[in-house]
Amino acid sequence: MQTLKNEKQSLLSGTRLMTSDRWNVMKHHLKRRLQELIEEEQINRDAVRIVELDQQSVGRLSRMDAIQQQAMAKAIAQRRLIEKKAIKQALIRIDNNEYGQCIECGEEIVEERLIIKPTVLKCLDCFKNL
């Protein structure tokens with residue numbers, strides 16, 4: 001099995017795969033990333049729990065540090081959730097043969113753009129017109 005880096009290099013080097021093979025590589029990459037996010041979520045589950053520190057045994061700075069770490073963990077969890085949703089939507093678009101089409105104009109999204117960010121929804125022109 002190729003690594004993601006090798007897959008990207010292969011696709012960017014001019015070695016073009018057939019359309020269905022290309023989408024299968026993307027689908028495989030997206031599923032693997034989704035699994036990584038789920039595993040990260042399970043590992044970091046405790047980091048977002050309410051900070052409960054005994055004021056008598058733990059200093060004020062330690063509590064502030066714990067609260068800051070909790071806030072960062074919550075922000076990471078939110079970004080992870082957004083990425084998971086985007087990946088699931090991309091997988092649905094692949095299954096519906098809509099992957100790689102701009103949701104604004106319907107034109108095909110440049111392959112290199114999809115390789116760099118497989119969850120992208122818009123072509124570069126439509127993205128620039130935001």
# chains A, B, ... in the order shown; residues from 1 in each chain; ligands from 1
$ residues_around --residues "region 75-80 of chain A" --least-positions-apart "6" --cutoff "10 Å" --atoms "only C-alpha atoms" --output "list of chain:residue names"
A:Leu34, A:Leu37, A:Ile38, A:Glu40, A:Glu41, A:Asn44, A:Arg45, A:Ala47, A:Val48, A:Gln69, A:Ala86
$ write_last_selection --atoms "N, CA and C atoms" --output "short mmCIF file (atom, residue, chain, number, x, y, z; two decimals), in the first residue's frame"
data_model
loop_
_atom_site.label_atom_id
_atom_site.label_comp_id
_atom_site.auth_asym_id
_atom_site.auth_seq_id
_atom_site.Cartn_x
_atom_site.Cartn_y
_atom_site.Cartn_z
N LEU A 34 -10.60 9.78 8.09
CA LEU A 34 -11.76 9.71 8.97
C LEU A 34 -11.48 8.77 10.15
N LEU A 37 -9.21 10.47 12.63
CA LEU A 37 -9.93 11.45 13.44
C LEU A 37 -10.73 10.78 14.54
N ILE A 38 -11.34 9.65 14.23
CA ILE A 38 -12.11 8.92 15.22
C ILE A 38 -11.19 8.42 16.33
N GLU A 40 -8.26 9.73 17.20
CA GLU A 40 -7.81 10.90 17.96
C GLU A 40 -8.89 11.34 18.94
N GLU A 41 -10.12 11.29 18.49
CA GLU A 41 -11.26 11.68 19.33
C GLU A 41 -11.34 10.79 20.57
N ASN A 44 -8.39 11.62 23.01
CA ASN A 44 -8.46 12.93 23.66
C ASN A 44 -9.78 13.21 24.35
N ARG A 45 -10.60 12.20 24.52
CA ARG A 45 -11.92 12.38 25.13
C ARG A 45 -11.83 13.01 26.52
N ALA A 47 -9.66 15.05 27.73
CA ALA A 47 -9.09 16.39 27.75
C ALA A 47 -10.15 17.49 27.78
N VAL A 48 -11.38 17.20 27.34
CA VAL A 48 -12.40 18.24 27.28
C VAL A 48 -13.35 18.20 28.48
N GLN A 69 -5.74 24.54 28.83
CA GLN A 69 -5.56 23.28 28.11
C GLN A 69 -6.92 22.69 27.71
N ALA A 86 -16.92 17.16 6.81
CA ALA A 86 -16.48 17.44 5.44
C ALA A 86 -16.06 16.15 4.73
#
$ residues_around --residues "Lys31 (chain A)" --least-positions-apart "6" --cutoff "9 Å" --atoms "only C-alpha atoms" --output "number ranges by chain"
A: 87-88, 91
$ atom_distance --atom1 "CA of Gln89 (chain A)" --atom2 "CA of Ala71 (chain A)"
27.4 Å
$ atom_distance --atom1 "CA of Asp21 (chain A)" --atom2 "CA of Glu108 (chain A)"
16.9 Å
$ atom_distance --atom1 "CA of Ile92 (chain A)" --atom2 "CA of Trp23 (chain A)"
12.0 Å
$ residues_around --residues "Arg113 (chain A)" --least-positions-apart "5" --cutoff "9 Å" --atoms "only C-alpha atoms" --output "PyMOL selection string"
chain A and resi 118+120+123-124
$ write_last_selection --atoms "all heavy atoms" --output "short mmCIF file (atom, residue, chain, number, x, y, z; two decimals), in the first residue's frame"
data_model
loop_
_atom_site.label_atom_id
_atom_site.label_comp_id
_atom_site.auth_asym_id
_atom_site.auth_seq_id
_atom_site.Cartn_x
_atom_site.Cartn_y
_atom_site.Cartn_z
N PRO A 118 -8.78 17.28 -0.23
CA PRO A 118 -9.80 16.41 -0.82
C PRO A 118 -11.25 16.78 -0.48
O PRO A 118 -12.17 16.31 -1.14
CB PRO A 118 -9.47 15.02 -0.28
CG PRO A 118 -8.08 15.12 0.22
CD PRO A 118 -7.85 16.54 0.60
N VAL A 120 -12.48 19.88 -0.59
CA VAL A 120 -12.82 21.17 -1.17
C VAL A 120 -14.13 21.07 -1.96
O VAL A 120 -14.41 20.06 -2.61
CB VAL A 120 -11.65 21.69 -2.05
CG1 VAL A 120 -11.50 20.90 -3.32
CG2 VAL A 120 -11.80 23.15 -2.34
N CYS A 123 -14.47 25.34 -7.03
CA CYS A 123 -13.32 25.57 -7.89
C CYS A 123 -12.63 26.86 -7.43
O CYS A 123 -13.21 27.64 -6.65
CB CYS A 123 -13.74 25.66 -9.35
SG CYS A 123 -14.76 27.10 -9.74
N LEU A 124 -11.45 27.08 -7.92
CA LEU A 124 -10.68 28.24 -7.48
C LEU A 124 -11.37 29.55 -7.84
O LEU A 124 -11.37 30.48 -7.04
CB LEU A 124 -9.27 28.18 -8.09
CG LEU A 124 -8.21 29.03 -7.44
CD1 LEU A 124 -8.13 28.78 -5.94
CD2 LEU A 124 -6.85 28.75 -8.07
#
$ residues_around --residues "Val110 (chain A)" --least-positions-apart "6" --cutoff "12 Å" --atoms "only C-alpha atoms" --output "mmCIF file with all heavy atoms, in the first residue's frame"
data_model
loop_
_atom_site.group_PDB
_atom_site.id
_atom_site.type_symbol
_atom_site.label_atom_id
_atom_site.label_comp_id
_atom_site.auth_asym_id
_atom_site.auth_seq_id
_atom_site.Cartn_x
_atom_site.Cartn_y
_atom_site.Cartn_z
ATOM 1 N N LEU A 12 0.514 14.067 -8.633
ATOM 2 C CA LEU A 12 0.999 15.371 -9.060
ATOM 3 C C LEU A 12 2.105 15.285 -10.107
ATOM 4 O O LEU A 12 2.358 16.237 -10.827
ATOM 5 C CB LEU A 12 1.504 16.172 -7.856
ATOM 6 C CG LEU A 12 0.419 16.711 -6.930
ATOM 7 C CD1 LEU A 12 1.042 17.306 -5.677
ATOM 8 C CD2 LEU A 12 -0.450 17.748 -7.629
ATOM 9 N N TYR A 99 -18.291 14.051 -6.960
ATOM 10 C CA TYR A 99 -17.024 14.493 -6.386
ATOM 11 C C TYR A 99 -16.201 15.189 -7.463
ATOM 12 O O TYR A 99 -16.112 14.744 -8.595
ATOM 13 C CB TYR A 99 -16.247 13.305 -5.824
ATOM 14 C CG TYR A 99 -14.967 13.692 -5.128
ATOM 15 C CD1 TYR A 99 -14.999 14.280 -3.877
ATOM 16 C CD2 TYR A 99 -13.738 13.480 -5.723
ATOM 17 C CE1 TYR A 99 -13.825 14.640 -3.236
ATOM 18 C CE2 TYR A 99 -12.569 13.835 -5.097
ATOM 19 C CZ TYR A 99 -12.623 14.416 -3.845
ATOM 20 O OH TYR A 99 -11.462 14.769 -3.213
ATOM 21 N N GLY A 100 -15.596 16.293 -7.088
ATOM 22 C CA GLY A 100 -14.753 17.026 -8.010
ATOM 23 C C GLY A 100 -15.494 18.067 -8.826
ATOM 24 O O GLY A 100 -14.899 18.745 -9.646
ATOM 25 N N GLN A 101 -16.802 18.201 -8.578
ATOM 26 C CA GLN A 101 -17.586 19.227 -9.263
ATOM 27 C C GLN A 101 -17.844 20.371 -8.291
ATOM 28 O O GLN A 101 -18.238 20.152 -7.150
ATOM 29 C CB GLN A 101 -18.916 18.658 -9.733
ATOM 30 C CG GLN A 101 -18.782 17.583 -10.773
ATOM 31 C CD GLN A 101 -20.120 16.948 -11.108
ATOM 32 O OE1 GLN A 101 -21.144 17.290 -10.525
ATOM 33 N NE2 GLN A 101 -20.107 16.022 -12.047
ATOM 34 N N CYS A 102 -17.648 21.580 -8.764
ATOM 35 C CA CYS A 102 -17.864 22.779 -7.957
ATOM 36 C C CYS A 102 -19.347 22.883 -7.594
ATOM 37 O O CYS A 102 -20.217 22.714 -8.457
ATOM 38 C CB CYS A 102 -17.425 24.008 -8.734
ATOM 39 S SG CYS A 102 -17.737 25.566 -7.878
ATOM 40 N N ILE A 116 -4.602 18.277 -2.824
ATOM 41 C CA ILE A 116 -4.118 19.037 -1.671
ATOM 42 C C ILE A 116 -5.171 19.083 -0.569
ATOM 43 O O ILE A 116 -4.861 18.921 0.599
ATOM 44 C CB ILE A 116 -3.698 20.454 -2.103
ATOM 45 C CG1 ILE A 116 -2.454 20.354 -2.983
ATOM 46 C CG2 ILE A 116 -3.440 21.346 -0.900
ATOM 47 C CD1 ILE A 116 -2.094 21.631 -3.702
ATOM 48 N N LYS A 117 -6.424 19.310 -0.963
ATOM 49 C CA LYS A 117 -7.516 19.350 0.015
ATOM 50 C C LYS A 117 -8.706 18.569 -0.547
ATOM 51 O O LYS A 117 -9.548 19.120 -1.253
ATOM 52 C CB LYS A 117 -7.922 20.788 0.332
ATOM 53 C CG LYS A 117 -8.955 20.834 1.432
ATOM 54 C CD LYS A 117 -9.202 22.215 1.948
ATOM 55 C CE LYS A 117 -10.245 22.087 3.053
ATOM 56 N NZ LYS A 117 -10.477 23.328 3.715
ATOM 57 N N PRO A 118 -8.781 17.285 -0.230
ATOM 58 C CA PRO A 118 -9.804 16.415 -0.823
ATOM 59 C C PRO A 118 -11.248 16.777 -0.477
ATOM 60 O O PRO A 118 -12.167 16.309 -1.140
ATOM 61 C CB PRO A 118 -9.468 15.025 -0.280
ATOM 62 C CG PRO A 118 -8.078 15.120 0.216
ATOM 63 C CD PRO A 118 -7.846 16.540 0.598
ATOM 64 N N VAL A 120 -12.484 19.875 -0.589
ATOM 65 C CA VAL A 120 -12.820 21.167 -1.175
ATOM 66 C C VAL A 120 -14.130 21.068 -1.965
ATOM 67 O O VAL A 120 -14.412 20.058 -2.605
ATOM 68 C CB VAL A 120 -11.651 21.693 -2.048
ATOM 69 C CG1 VAL A 120 -11.504 20.904 -3.323
ATOM 70 C CG2 VAL A 120 -11.804 23.153 -2.336
ATOM 71 N N LEU A 121 -14.952 22.126 -1.866
ATOM 72 C CA LEU A 121 -16.275 22.124 -2.496
ATOM 73 C C LEU A 121 -16.366 23.010 -3.737
ATOM 74 O O LEU A 121 -17.289 22.857 -4.534
ATOM 75 C CB LEU A 121 -17.326 22.596 -1.490
ATOM 76 C CG LEU A 121 -17.537 21.699 -0.269
ATOM 77 C CD1 LEU A 121 -18.425 22.396 0.738
ATOM 78 C CD2 LEU A 121 -18.114 20.374 -0.685
ATOM 79 N N LYS A 122 -15.448 23.955 -3.848
ATOM 80 C CA LYS A 122 -15.554 24.946 -4.917
ATOM 81 C C LYS A 122 -14.283 24.990 -5.750
ATOM 82 O O LYS A 122 -13.186 24.777 -5.237
ATOM 83 C CB LYS A 122 -15.818 26.337 -4.342
ATOM 84 C CG LYS A 122 -17.148 26.454 -3.624
ATOM 85 C CD LYS A 122 -17.347 27.848 -3.112
ATOM 86 C CE LYS A 122 -18.683 27.947 -2.376
ATOM 87 N NZ LYS A 122 -18.932 29.322 -1.935
ATOM 88 N N CYS A 123 -14.474 25.336 -7.031
ATOM 89 C CA CYS A 123 -13.317 25.566 -7.886
ATOM 90 C C CYS A 123 -12.630 26.856 -7.429
ATOM 91 O O CYS A 123 -13.208 27.635 -6.652
ATOM 92 C CB CYS A 123 -13.743 25.656 -9.352
ATOM 93 S SG CYS A 123 -14.758 27.105 -9.737
ATOM 94 N N LEU A 124 -11.446 27.077 -7.923
ATOM 95 C CA LEU A 124 -10.676 28.235 -7.482
ATOM 96 C C LEU A 124 -11.367 29.554 -7.839
ATOM 97 O O LEU A 124 -11.368 30.483 -7.042
ATOM 98 C CB LEU A 124 -9.269 28.179 -8.092
ATOM 99 C CG LEU A 124 -8.210 29.031 -7.435
ATOM 100 C CD1 LEU A 124 -8.128 28.784 -5.935
ATOM 101 C CD2 LEU A 124 -6.854 28.750 -8.067
ATOM 102 N N ASP A 125 -11.967 29.628 -9.022
ATOM 103 C CA ASP A 125 -12.652 30.857 -9.423
ATOM 104 C C ASP A 125 -13.800 31.185 -8.479
ATOM 105 O O ASP A 125 -13.946 32.338 -8.045
ATOM 106 C CB ASP A 125 -13.166 30.747 -10.855
ATOM 107 C CG ASP A 125 -12.044 30.777 -11.878
ATOM 108 O OD1 ASP A 125 -10.960 31.321 -11.551
ATOM 109 O OD2 ASP A 125 -12.243 30.236 -12.980
#
$ closest_residue --among "A:Ile115, A:Met64, A:Ala73, A:Cys105" --to "Phe127 (chain A)" --atoms "only C-alpha atoms"
A:Cys105
$ closest_residue --among "A:Asn97, A:Met26, A:Lys74, A:Glu36" --to "Thr119 (chain A)" --atoms "only C-alpha atoms"
A:Met26
$ closest_residue --among "A:Gln68, A:Glu104, A:Lys84, A:Glu111" --to "Gln35 (chain A)" --atoms "only C-alpha atoms"
A:Lys84
